[in-house]
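What follows is the content of query.txt (compact mmCIF, C-alpha atoms and all ligand atoms).
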# COMPACT_ATOMS: atom_id res chain seq x y z
CA MET A 1 33.25 1.45 -7.70
CA ALA A 2 30.02 2.42 -9.47
CA GLN A 3 28.57 5.76 -8.39
CA MET A 4 25.53 5.26 -6.14
CA THR A 5 22.53 7.57 -6.31
CA THR A 6 21.01 8.17 -2.91
CA LEU A 7 17.30 8.74 -2.35
CA GLY A 8 17.99 12.36 -1.45
CA GLN A 9 19.94 12.99 -4.66
CA PHE A 10 17.34 11.21 -6.76
CA ILE A 11 14.45 13.20 -5.30
CA ILE A 12 16.22 16.48 -6.03
CA GLU A 13 17.16 15.37 -9.58
CA LYS A 14 13.54 14.42 -10.34
CA GLN A 15 12.02 17.51 -8.74
CA ALA A 16 11.89 19.44 -11.99
CA ASP A 17 9.82 16.65 -13.66
CA HIS A 18 6.91 17.36 -11.38
CA PRO A 19 4.16 19.90 -12.04
CA TYR A 20 4.44 21.23 -8.47
CA ALA A 21 8.19 21.66 -8.67
CA LYS A 22 8.59 23.98 -5.74
CA GLY A 23 10.53 21.57 -3.61
CA GLU A 24 7.75 20.93 -1.09
CA LEU A 25 6.94 17.47 -2.39
CA SER A 26 10.65 16.68 -2.45
CA ARG A 27 11.00 17.75 1.16
CA LEU A 28 7.97 15.69 2.11
CA LEU A 29 9.42 12.57 0.48
CA ARG A 30 12.76 13.22 2.11
CA ASP A 31 11.09 13.51 5.54
CA ILE A 32 9.27 10.21 5.02
CA GLY A 33 12.59 8.61 4.02
CA ILE A 34 14.25 9.85 7.21
CA ALA A 35 11.42 8.61 9.44
CA ALA A 36 11.57 5.24 7.62
CA LYS A 37 15.23 4.90 8.61
CA VAL A 38 14.39 5.53 12.26
CA VAL A 39 11.54 3.00 12.15
CA ASN A 40 13.82 0.52 10.38
CA ARG A 41 16.35 0.81 13.20
CA GLU A 42 13.71 -0.08 15.78
CA VAL A 43 12.10 -2.84 13.70
CA ASN A 44 15.53 -4.42 13.24
CA LYS A 45 16.18 -4.66 16.94
CA ALA A 46 12.60 -5.56 17.85
CA GLY A 47 13.67 -8.99 19.07
CA LEU A 48 16.02 -7.38 21.57
CA MET A 49 13.73 -4.77 22.90
CA ASP A 50 10.92 -4.53 25.33
CA LEU A 51 9.15 -2.77 22.49
CA LEU A 52 8.24 -6.18 21.13
CA GLY A 53 4.79 -7.39 21.98
CA GLN A 54 1.37 -5.97 22.21
CA ALA A 55 0.75 -2.58 23.69
CA GLY A 56 -2.56 -3.67 25.06
CA SER A 57 -4.63 -1.02 23.34
CA THR A 58 -6.83 -1.67 20.34
CA ASN A 59 -7.05 0.56 17.30
CA ILE A 60 -10.33 1.61 15.82
CA GLN A 61 -10.73 -1.54 13.75
CA GLY A 62 -10.55 -3.45 17.00
CA GLU A 63 -7.21 -5.05 16.17
CA ILE A 64 -4.59 -5.28 18.88
CA GLN A 65 -1.82 -2.77 18.28
CA GLN A 66 1.79 -3.86 18.55
CA LYS A 67 4.05 -1.40 20.33
CA LEU A 68 6.02 -0.79 17.18
CA ASP A 69 2.83 0.32 15.40
CA ILE A 70 2.52 3.15 17.86
CA TYR A 71 6.20 3.99 17.67
CA ALA A 72 6.17 4.06 13.85
CA ASN A 73 3.03 6.20 13.84
CA GLU A 74 4.68 8.72 16.16
CA GLN A 75 7.86 8.83 14.10
CA PHE A 76 6.12 9.52 10.80
CA ILE A 77 3.75 12.09 12.28
CA SER A 78 6.55 13.93 14.03
CA ALA A 79 8.72 13.96 10.85
CA LEU A 80 5.78 15.32 8.84
CA LYS A 81 4.99 17.89 11.51
CA SER A 82 8.51 19.26 11.71
CA GLY A 83 8.83 19.26 7.89
CA GLY A 84 5.93 21.74 7.61
CA GLU A 85 4.70 20.64 4.17
CA CYS A 86 1.83 18.45 5.39
CA CYS A 87 -1.43 19.82 6.80
CA ILE A 88 -3.20 16.54 7.64
CA VAL A 89 -2.05 13.01 8.37
CA ALA A 90 -4.59 10.23 7.98
CA SER A 91 -3.23 7.14 9.70
CA GLU A 92 -4.47 3.62 10.25
CA GLU A 93 -3.58 4.12 13.90
CA ASN A 94 -5.72 7.22 14.48
CA GLU A 95 -9.48 7.20 14.45
CA GLU A 96 -9.63 10.82 13.34
CA ILE A 97 -7.41 12.82 11.01
CA VAL A 98 -4.37 14.36 12.67
CA MET A 99 -4.30 18.09 12.00
CA LEU A 100 -0.80 19.51 11.54
CA ASP A 101 -1.73 22.95 10.31
CA THR A 102 -2.82 25.50 12.88
CA ASP A 103 -5.00 28.58 12.94
CA VAL A 104 -1.81 30.55 12.52
CA SER A 105 -0.04 28.48 9.88
CA GLN A 106 -2.11 27.16 6.97
CA ASP A 107 0.56 27.08 4.29
CA ALA A 108 1.08 23.34 4.08
CA LYS A 109 -0.34 22.01 0.80
CA TYR A 110 -0.11 18.26 1.21
CA ILE A 111 -2.14 15.51 2.82
CA VAL A 112 -0.40 12.28 3.80
CA ALA A 113 -2.29 9.02 4.34
CA ILE A 114 -0.22 6.36 6.02
CA ASP A 115 -0.25 2.84 7.35
CA PRO A 116 2.82 3.20 9.58
CA LEU A 117 3.44 -0.52 10.12
CA ASP A 118 1.41 -2.85 7.99
CA GLY A 119 1.40 -6.56 8.80
CA SER A 120 2.49 -5.84 12.35
CA SER A 121 1.24 -9.20 13.63
CA ASN A 122 4.31 -10.58 11.81
CA ILE A 123 6.81 -8.67 13.94
CA ASP A 124 7.10 -11.15 16.76
CA VAL A 125 7.85 -13.98 14.30
CA ASN A 126 10.52 -12.01 12.42
CA VAL A 127 8.63 -11.77 9.14
CA SER A 128 8.72 -8.70 6.88
CA VAL A 129 6.49 -5.74 7.68
CA GLY A 130 6.17 -2.43 5.92
CA THR A 131 5.00 1.16 5.78
CA ILE A 132 2.59 2.39 3.09
CA PHE A 133 2.10 6.07 2.28
CA SER A 134 0.07 8.17 -0.08
CA ILE A 135 0.33 11.89 -0.83
CA TYR A 136 -2.41 14.23 -2.08
CA ARG A 137 -2.59 17.94 -2.73
CA ARG A 138 -4.95 19.79 -0.47
CA GLN A 139 -8.06 20.77 -2.49
CA SER A 140 -9.63 23.43 -0.28
CA THR A 141 -8.17 26.88 -0.63
CA GLU A 142 -9.39 28.69 2.47
CA GLY A 143 -9.08 28.18 6.21
CA ARG A 144 -7.80 24.97 7.68
CA ALA A 145 -7.84 21.76 5.71
CA THR A 146 -10.63 19.32 6.59
CA LEU A 147 -11.51 15.65 6.34
CA GLN A 148 -12.96 16.36 2.89
CA ASP A 149 -9.43 17.12 1.69
CA VAL A 150 -8.48 13.57 2.64
CA LEU A 151 -11.43 11.83 1.02
CA GLN A 152 -10.09 12.13 -2.51
CA ARG A 153 -10.17 9.40 -5.10
CA GLY A 154 -6.92 7.50 -5.65
CA VAL A 155 -6.47 9.02 -9.12
CA ASN A 156 -5.64 12.31 -7.36
CA GLN A 157 -2.54 10.92 -5.66
CA VAL A 158 0.61 12.88 -6.46
CA ALA A 159 2.92 10.31 -4.92
CA ALA A 160 2.77 6.98 -3.13
CA GLY A 161 5.28 4.54 -1.79
CA TYR A 162 6.07 1.72 0.55
CA VAL A 163 8.95 0.71 2.75
CA ILE A 164 9.58 -2.99 3.23
CA TYR A 165 11.53 -3.94 6.33
CA GLY A 166 12.70 -7.28 5.03
CA THR A 167 15.94 -9.17 4.53
CA SER A 168 17.03 -5.79 3.30
CA THR A 169 15.07 -2.61 3.78
CA MET A 170 13.74 -0.97 0.64
CA LEU A 171 11.82 2.18 -0.11
CA VAL A 172 9.83 2.07 -3.35
CA TYR A 173 7.91 5.11 -4.59
CA THR A 174 6.24 6.78 -7.51
CA THR A 175 5.30 10.36 -8.32
CA GLY A 176 3.37 9.20 -11.38
CA LYS A 177 6.38 8.83 -13.64
CA GLY A 178 7.30 5.21 -13.09
CA VAL A 179 8.43 3.42 -9.97
CA ASN A 180 11.89 3.44 -8.44
CA GLY A 181 13.25 1.28 -5.64
CA PHE A 182 16.00 2.15 -3.16
CA THR A 183 17.77 -0.28 -0.87
CA LEU A 184 19.04 0.88 2.51
CA ASP A 185 22.78 0.48 2.80
CA PRO A 186 23.15 0.17 6.58
CA SER A 187 26.89 0.91 6.44
CA ILE A 188 26.26 4.46 5.21
CA GLY A 189 22.67 4.83 6.43
CA GLU A 190 21.37 5.83 2.99
CA PHE A 191 18.69 4.49 0.69
CA CYS A 192 20.51 3.88 -2.64
CA LEU A 193 18.86 3.50 -6.04
CA SER A 194 18.93 -0.25 -6.68
CA HIS A 195 15.77 -0.89 -8.73
CA PRO A 196 15.35 1.91 -11.31
CA GLN A 197 12.13 1.98 -13.36
CA MET A 198 10.55 -1.12 -11.83
CA GLN A 199 8.14 -3.04 -14.06
CA ILE A 200 5.83 -5.80 -12.89
CA PRO A 201 5.76 -8.70 -15.38
CA LYS A 202 2.55 -8.74 -17.47
CA THR A 203 1.83 -12.21 -16.17
CA GLY A 204 3.29 -14.57 -13.60
CA HIS A 205 2.66 -17.87 -11.86
CA ILE A 206 2.15 -16.90 -8.23
CA TYR A 207 -1.21 -16.28 -6.60
CA SER A 208 -1.49 -14.83 -3.09
CA ILE A 209 -4.69 -15.17 -1.13
CA ASN A 210 -5.60 -16.42 2.33
CA GLU A 211 -7.00 -19.76 1.19
CA GLY A 212 -7.99 -20.60 4.75
CA TYR A 213 -11.09 -18.49 4.13
CA TYR A 214 -11.94 -20.39 0.93
CA VAL A 215 -15.42 -21.44 2.04
CA HIS A 216 -16.30 -17.79 2.67
CA PHE A 217 -15.12 -16.48 -0.72
CA PRO A 218 -17.47 -15.36 -3.48
CA GLN A 219 -17.97 -17.92 -6.26
CA GLY A 220 -15.85 -15.96 -8.78
CA VAL A 221 -12.83 -16.08 -6.46
CA LYS A 222 -13.33 -19.79 -5.79
CA SER A 223 -13.45 -20.47 -9.53
CA TYR A 224 -10.33 -18.39 -10.16
CA ILE A 225 -8.43 -20.30 -7.44
CA LYS A 226 -9.45 -23.58 -9.09
CA TYR A 227 -8.25 -22.18 -12.44
CA CYS A 228 -4.85 -21.38 -10.82
CA GLN A 229 -4.59 -24.98 -9.65
CA VAL A 230 -5.41 -26.71 -12.96
CA GLU A 231 -2.55 -28.19 -14.99
CA ASP A 232 -1.95 -26.37 -18.29
CA ASP A 233 1.46 -26.20 -19.97
CA ALA A 234 0.59 -23.25 -22.21
CA THR A 235 -0.07 -20.95 -19.24
CA ASN A 236 2.45 -22.55 -16.90
CA ARG A 237 -0.25 -23.78 -14.52
CA PRO A 238 -0.66 -24.87 -11.82
CA TYR A 239 0.57 -21.63 -10.29
CA SER A 240 2.44 -21.43 -7.00
CA SER A 241 0.61 -20.21 -3.94
CA ARG A 242 2.50 -17.75 -1.71
CA TYR A 243 0.92 -15.83 1.15
CA VAL A 244 3.05 -14.07 3.73
CA GLY A 245 0.15 -12.30 5.47
CA SER A 246 2.01 -9.03 5.08
CA MET A 247 0.59 -7.24 2.05
CA ILE A 248 3.74 -5.34 1.22
CA ALA A 249 5.86 -8.48 1.26
CA ASP A 250 3.38 -10.29 -0.98
CA LEU A 251 3.08 -7.36 -3.38
CA HIS A 252 6.79 -6.61 -3.46
CA ARG A 253 7.51 -10.22 -4.41
CA ASN A 254 4.79 -10.17 -7.05
CA MET A 255 6.11 -6.87 -8.38
CA ILE A 256 9.49 -8.47 -9.03
CA LYS A 257 8.42 -11.98 -10.05
CA GLY A 258 4.91 -11.37 -11.40
CA GLY A 259 1.76 -12.57 -9.69
CA ILE A 260 -1.63 -11.63 -8.31
CA PHE A 261 -2.66 -10.71 -4.76
CA ILE A 262 -6.32 -10.96 -3.82
CA TYR A 263 -8.09 -9.93 -0.64
CA PRO A 264 -11.75 -10.39 -1.57
CA ILE A 265 -14.89 -9.91 0.43
CA THR A 266 -15.52 -12.81 2.76
CA ALA A 267 -18.48 -13.80 4.88
CA ALA A 268 -16.67 -12.30 7.90
CA THR A 269 -15.48 -9.16 6.07
CA PRO A 270 -18.31 -8.23 3.69
CA ASP A 271 -16.48 -5.08 2.53
CA GLY A 272 -13.08 -6.74 2.32
CA LYS A 273 -10.40 -6.25 4.98
CA LEU A 274 -7.89 -3.86 3.51
CA ARG A 275 -8.27 -0.11 3.74
CA LEU A 276 -8.79 2.02 0.66
CA VAL A 277 -7.15 5.29 1.71
CA TYR A 278 -3.81 4.17 3.14
CA GLU A 279 -3.41 0.60 1.86
CA CYS A 280 -5.20 -0.07 -1.43
CA ASN A 281 -4.96 3.29 -3.20
CA PRO A 282 -1.22 3.77 -2.69
CA MET A 283 -0.40 0.17 -3.61
CA SER A 284 -2.63 0.46 -6.68
CA PHE A 285 -0.90 3.66 -7.80
CA ILE A 286 2.51 1.98 -7.48
CA ILE A 287 1.46 -1.24 -9.22
CA GLU A 288 -0.24 0.65 -12.07
CA GLN A 289 2.83 2.84 -12.49
CA ALA A 290 4.87 -0.37 -12.78
CA GLY A 291 2.55 -1.58 -15.56
CA GLY A 292 0.18 -3.69 -13.45
CA ARG A 293 -3.52 -3.53 -12.64
CA ALA A 294 -5.61 -3.06 -9.48
CA THR A 295 -9.38 -3.38 -9.18
CA ASP A 296 -12.02 -4.42 -6.67
CA GLY A 297 -12.89 -7.31 -9.01
CA LYS A 298 -14.73 -4.94 -11.33
CA THR A 299 -13.85 -1.29 -10.84
CA ARG A 300 -10.41 0.31 -10.84
CA ILE A 301 -9.40 0.86 -7.20
CA MET A 302 -8.15 4.40 -7.85
CA GLU A 303 -11.55 5.41 -9.25
CA LEU A 304 -13.57 4.27 -6.24
CA ASP A 305 -15.39 6.99 -4.33
CA VAL A 306 -14.01 7.59 -0.87
CA HIS A 307 -16.64 8.18 1.81
CA SER A 308 -14.73 7.57 5.00
CA LEU A 309 -11.22 7.52 6.34
CA HIS A 310 -11.07 3.86 7.27
CA GLN A 311 -13.17 2.53 4.38
CA ARG A 312 -12.41 -1.02 3.28
CA THR A 313 -12.45 -2.54 -0.18
CA PRO A 314 -11.85 -5.92 -1.76
CA ILE A 315 -8.74 -5.86 -3.95
CA PHE A 316 -7.33 -7.77 -6.93
CA ILE A 317 -3.87 -6.42 -7.69
CA GLY A 318 -0.75 -7.41 -9.58
CA SER A 319 0.24 -8.57 -13.06
CA GLU A 320 -2.17 -7.14 -15.59
CA GLU A 321 -3.13 -10.37 -17.36
CA MET A 322 -3.68 -12.26 -14.11
CA VAL A 323 -5.92 -9.55 -12.63
CA SER A 324 -7.93 -9.37 -15.87
CA LYS A 325 -8.36 -13.14 -15.81
CA ALA A 326 -9.61 -13.07 -12.21
CA GLU A 327 -12.07 -10.33 -13.20
CA GLU A 328 -13.42 -12.58 -15.96
CA PHE A 329 -14.22 -15.21 -13.35
CA MET A 330 -15.88 -12.59 -11.14
CA ALA A 331 -18.03 -11.35 -14.05
CA GLU A 332 -18.97 -14.89 -15.06
CA ALA A 333 -20.03 -15.79 -11.52
CA GLU A 334 -22.04 -12.57 -11.25
CA ALA A 335 -23.82 -13.28 -14.57
CA GLU A 336 -24.64 -16.82 -13.42
CA GLN A 337 -25.99 -15.49 -10.13
CA VAL A 338 -28.18 -13.01 -12.01
CA SER A 339 -29.64 -15.76 -14.19
CA VAL A 340 -30.25 -17.98 -11.13
CA ASP A 341 -32.01 -15.06 -9.42
CA LEU A 342 -34.14 -14.45 -12.51
CA VAL A 343 -35.18 -18.10 -12.75
CA GLY A 344 -35.73 -18.26 -8.98
P1 LIG B 401 -2.98 -4.72 9.37
O1 LIG B 401 -3.09 -3.38 8.69
O2 LIG B 401 -3.82 -4.83 10.59
O3 LIG B 401 -1.54 -5.12 9.59
O4 LIG B 401 -3.65 -5.78 8.36
C1 LIG B 401 -3.26 -5.79 7.02
C2 LIG B 401 -2.68 -7.12 6.71
C3 LIG B 401 -2.05 -7.16 5.35
O5 LIG B 401 -0.72 -6.78 5.38
C4 LIG B 401 -2.21 -8.61 5.01
O6 LIG B 401 -2.18 -8.84 3.64
C5 LIG B 401 -3.54 -8.95 5.61
O7 LIG B 401 -3.72 -8.06 6.68
C6 LIG B 401 -3.59 -10.33 6.13
O8 LIG B 401 -4.87 -10.60 6.62
P2 LIG B 401 -5.36 -12.10 6.92
O9 LIG B 401 -4.58 -12.56 8.10
O10 LIG B 401 -6.83 -11.96 7.16
O11 LIG B 401 -5.06 -12.92 5.69
MG MG B 402 -2.44 -2.17 7.61
Write out the structure in this file as structure tokens.
Ligand code: AHM
Ligand code: MG
Amino acid sequence: MAQMTTLGQFIIEKQADHPYAKGELSRLLRDIGIAAKVVNREVNKAGLMDLLGQAGSTNIQGEIQQKLDIYANEQFISALKSGGECCIVASEENEEIVMLDTDVSQDAKYIVAIDPLDGSSNIDVNVSVGTIFSIYRRQSTEGRATLQDVLQRGVNQVAAGYVIYGTSTMLVYTTGKGVNGFTLDPSIGEFCLSHPQMQIPKTGHIYSINEGYYVHFPQGVKSYIKYCQVEDDATNRPYSSRYVGSMIADLHRNMIKGGIFIYPITAATPDGKLRLVYECNPMSFIIEQAGGRATDGKTRIMELDVHSLHQRTPIFIGSEEMVSKAEEFMAEAEAEQVSVDLVG
């Protein structure tokens, strides 16, 4: 039988590659991996449990929280707290940052931003959900860490990853030296290296966007969708449309098969829907590390300024050539709008 590499072994082996090779980042990743296994166990039996359903409270974006959202949030925060390497957790489920360092202990050097259970409206229909995480070094050097330590641009990330609770459960992460994927073997309870050095194809023939909002999309997005639907043998069009409604599932598929995922601004969500700090930046880091591209239609996601914890951004992410093509349509539409405005 081939020798399996577990997540724990892999993290230790790669520790020396990292500039901050003191073992803290490794311990942090290991803690996240352990919490992911606990969350996976609960997600898997969601259909059997009273946990399923809505908790009745709303989070700060006004969306109804599922009970498992709360459970997952608690698991990750408690794993990070007991690990001692993380001073602040920024979570989709908490309006404010969660301080883990204390007046007494201020040694923890890392900030973790997390969406504990993304796509949670899919839980009660048995569709894949996921966890997204992003890790930064604390920038301030004195006293307790503050919100400012969290509001760093995506280019500062030292690690990012996602867990997909799907037909199998996978943890995929990067520390800036490529992307590796681990599949949970439930018989031994370990994440095992199954997808070493993942690369997203340069192009693909799948586009993922909620076309139900078509009338509310900007003109550039509408034109790009039409381009995807036109017949053209040379570029293998028309493309297929696939939209799970669970960003991790859509991006994980695109990562393996090639494709583009777009969540643009719409009339109802003028800043986009997805969150920069704990959804778009980590996914952009991973996709870029796999050879893909991620922008807001114009600017690289990881270079956007971060003003607030729950900031939203439009996102175009996936295979490099497809994202660049969509950007061309955005630029064209913008230029046309400018000339219309000038004439008007
Ligand atoms: P959530 O963080 O509240 O779960 O929302 C994020 C999810 C993404 O996973 C998904 O891509 C998107 O929202 C779907 O939104 P919509 O239903 O508007 O297409
Ligand atoms: Mg989310």
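Residues of protein, DNA or RNA lying at most 6 Å from ligand MG 402 (chain B), when only C-alpha atoms and all ligand atoms are considered, are A:Asp115, A:Asp118, A:Gly119.
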Distance table requested - region 191-217 of chain A against region 286-298 of chain A, cut-off 8 Å, all atoms listed in the file: one row per qualifying residue with the closest atom pair and its distance in Å to one decimal, ordered by chain and rising residue number, as a tab-separated table.
residue	atom	partner	partner_atom	distance
A:Gln197	CA	A:Ala290	CA	7.7
A:Met198	CA	A:Ala290	CA	5.8
A:Gln199	CA	A:Ala290	CA	4.4
A:Ile200	CA	A:Ala290	CA	5.5
A:Pro201	CA	A:Gly292	CA	7.7
A:Lys202	CA	A:Gly292	CA	6.9
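When CA of Ala160 (chain A) is paired with CA of Val172 (chain A), their separation reads 8.6 Å.
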Can you tell me, as a PyMOL selection string, what residues are no more than 6 Å from region 126-138 of chain A when counting all atoms listed in the file, ignoring any on the same chain fewer than 5 positions away?
chain A and resi 109-119+149+157-166+282
Enumerate residues in contact with ligand LIG 401 (chain B): an atom-to-atom distance of at most 10 Å, counting all atoms listed in the file. Format the result as a VMD selection string.
chain A and resid 59 61 to 66 69 92 to 93 115 to 122 128 to 132 208 to 213 243 to 251 261 to 263 266 268 to 269 272 to 275 278 to 279
Region 88-93 of chain A, all listed atoms, 6 Å padding on each side: what axis-aligned box centre and edge lengths in Å to one decimal come out, as lines of an AutoDock Vina configuration file?
center_x = -3.3
center_y = 10.1
center_z = 10.8
size_x = 14.5
size_y = 24.9
size_z = 18.3
Could you check which of A:Gln15, A:Thr183, A:Gln337, A:Gln311 is closest to Leu171 (chain A), using all atoms listed in the file?
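Checking each candidate against Leu171 (chain A), we get A:Thr183 as the closest.
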Could you check how far CA of Gly143 (chain A) sits from CA of Val98 (chain A), in Å to one decimal?
16.0 Å
Could you list, as a list in words, every residue within 9 Å of region 221-238 of chain A, counting all atoms listed in the file and ignoring same-chain residues fewer than 4 positions away?
Gly204, His205, Ile206, Tyr207, Ile209, Glu211, Tyr214, Val215, Phe217, Ile262, Pro264, Lys325, Ala326, Glu327, Glu328, Phe329, Met330 and Ala333 of chain A
I want to know what sits within 12 Å of Gln3 (chain A), based on all atoms listed in the file, with residues of the same chain fewer than 6 positions away left out; could you give that as a count of residues only?
4
Could you pull out every residue with an atom within 10 Å of (9.8, 11.4, 5.4), file coordinates, counting all atoms listed in the file, and send them as number ranges by chain?
A: 26-37, 75-80, 83, 133
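Across the model, the gap from CA of Asp17 (chain A) to CA of Met302 (chain A) is 22.5 Å.
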Just checking: using only C-alpha atoms, which residue out of A:Thr102, A:Asn180, A:Asn73, A:Thr313 ends up closest to Cys86 (chain A)?
A:Thr102
Give the answer as one residue: which of A:Phe285, A:Lys14, A:Pro218, A:Arg300 has the shortest atom-to-atom distance to Glu334 (chain A), using only C-alpha atoms?
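Comparing A:Phe285, A:Lys14, A:Pro218, A:Arg300 against Glu334 (chain A), the winner is A:Pro218.
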Do you know which residues are at most 8 Å from Leu184 (chain A) counting only C-alpha atoms, after dropping those on the same chain fewer than 6 positions away, and could you put them as a ChimeraX atom specification?
/A:168-171,190-192
With only C-alpha atoms as the atoms that count, which of A:Ile70, A:Lys257, A:Val89, A:Gly181 lies nearest to Thr5 (chain A)?
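Once distances to Thr5 (chain A) are computed over only C-alpha atoms, the minimum belongs to A:Gly181.
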Nearest residue to Asn44 (chain A) out of A:Ser339, A:Ser187, A:Ser91, A:Thr167, using only C-alpha atoms?
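Closest to Asn44 (chain A), using only C-alpha atoms: A:Thr167.
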Counting all atoms listed in the file, note down every residue that has an atom within 10 Å of the point (-10.4, 16.1, 7.0) (file coordinates), as a VMD selection string.
chain A and resid 87 to 90 96 to 99 111 138 144 to 151 308 to 309
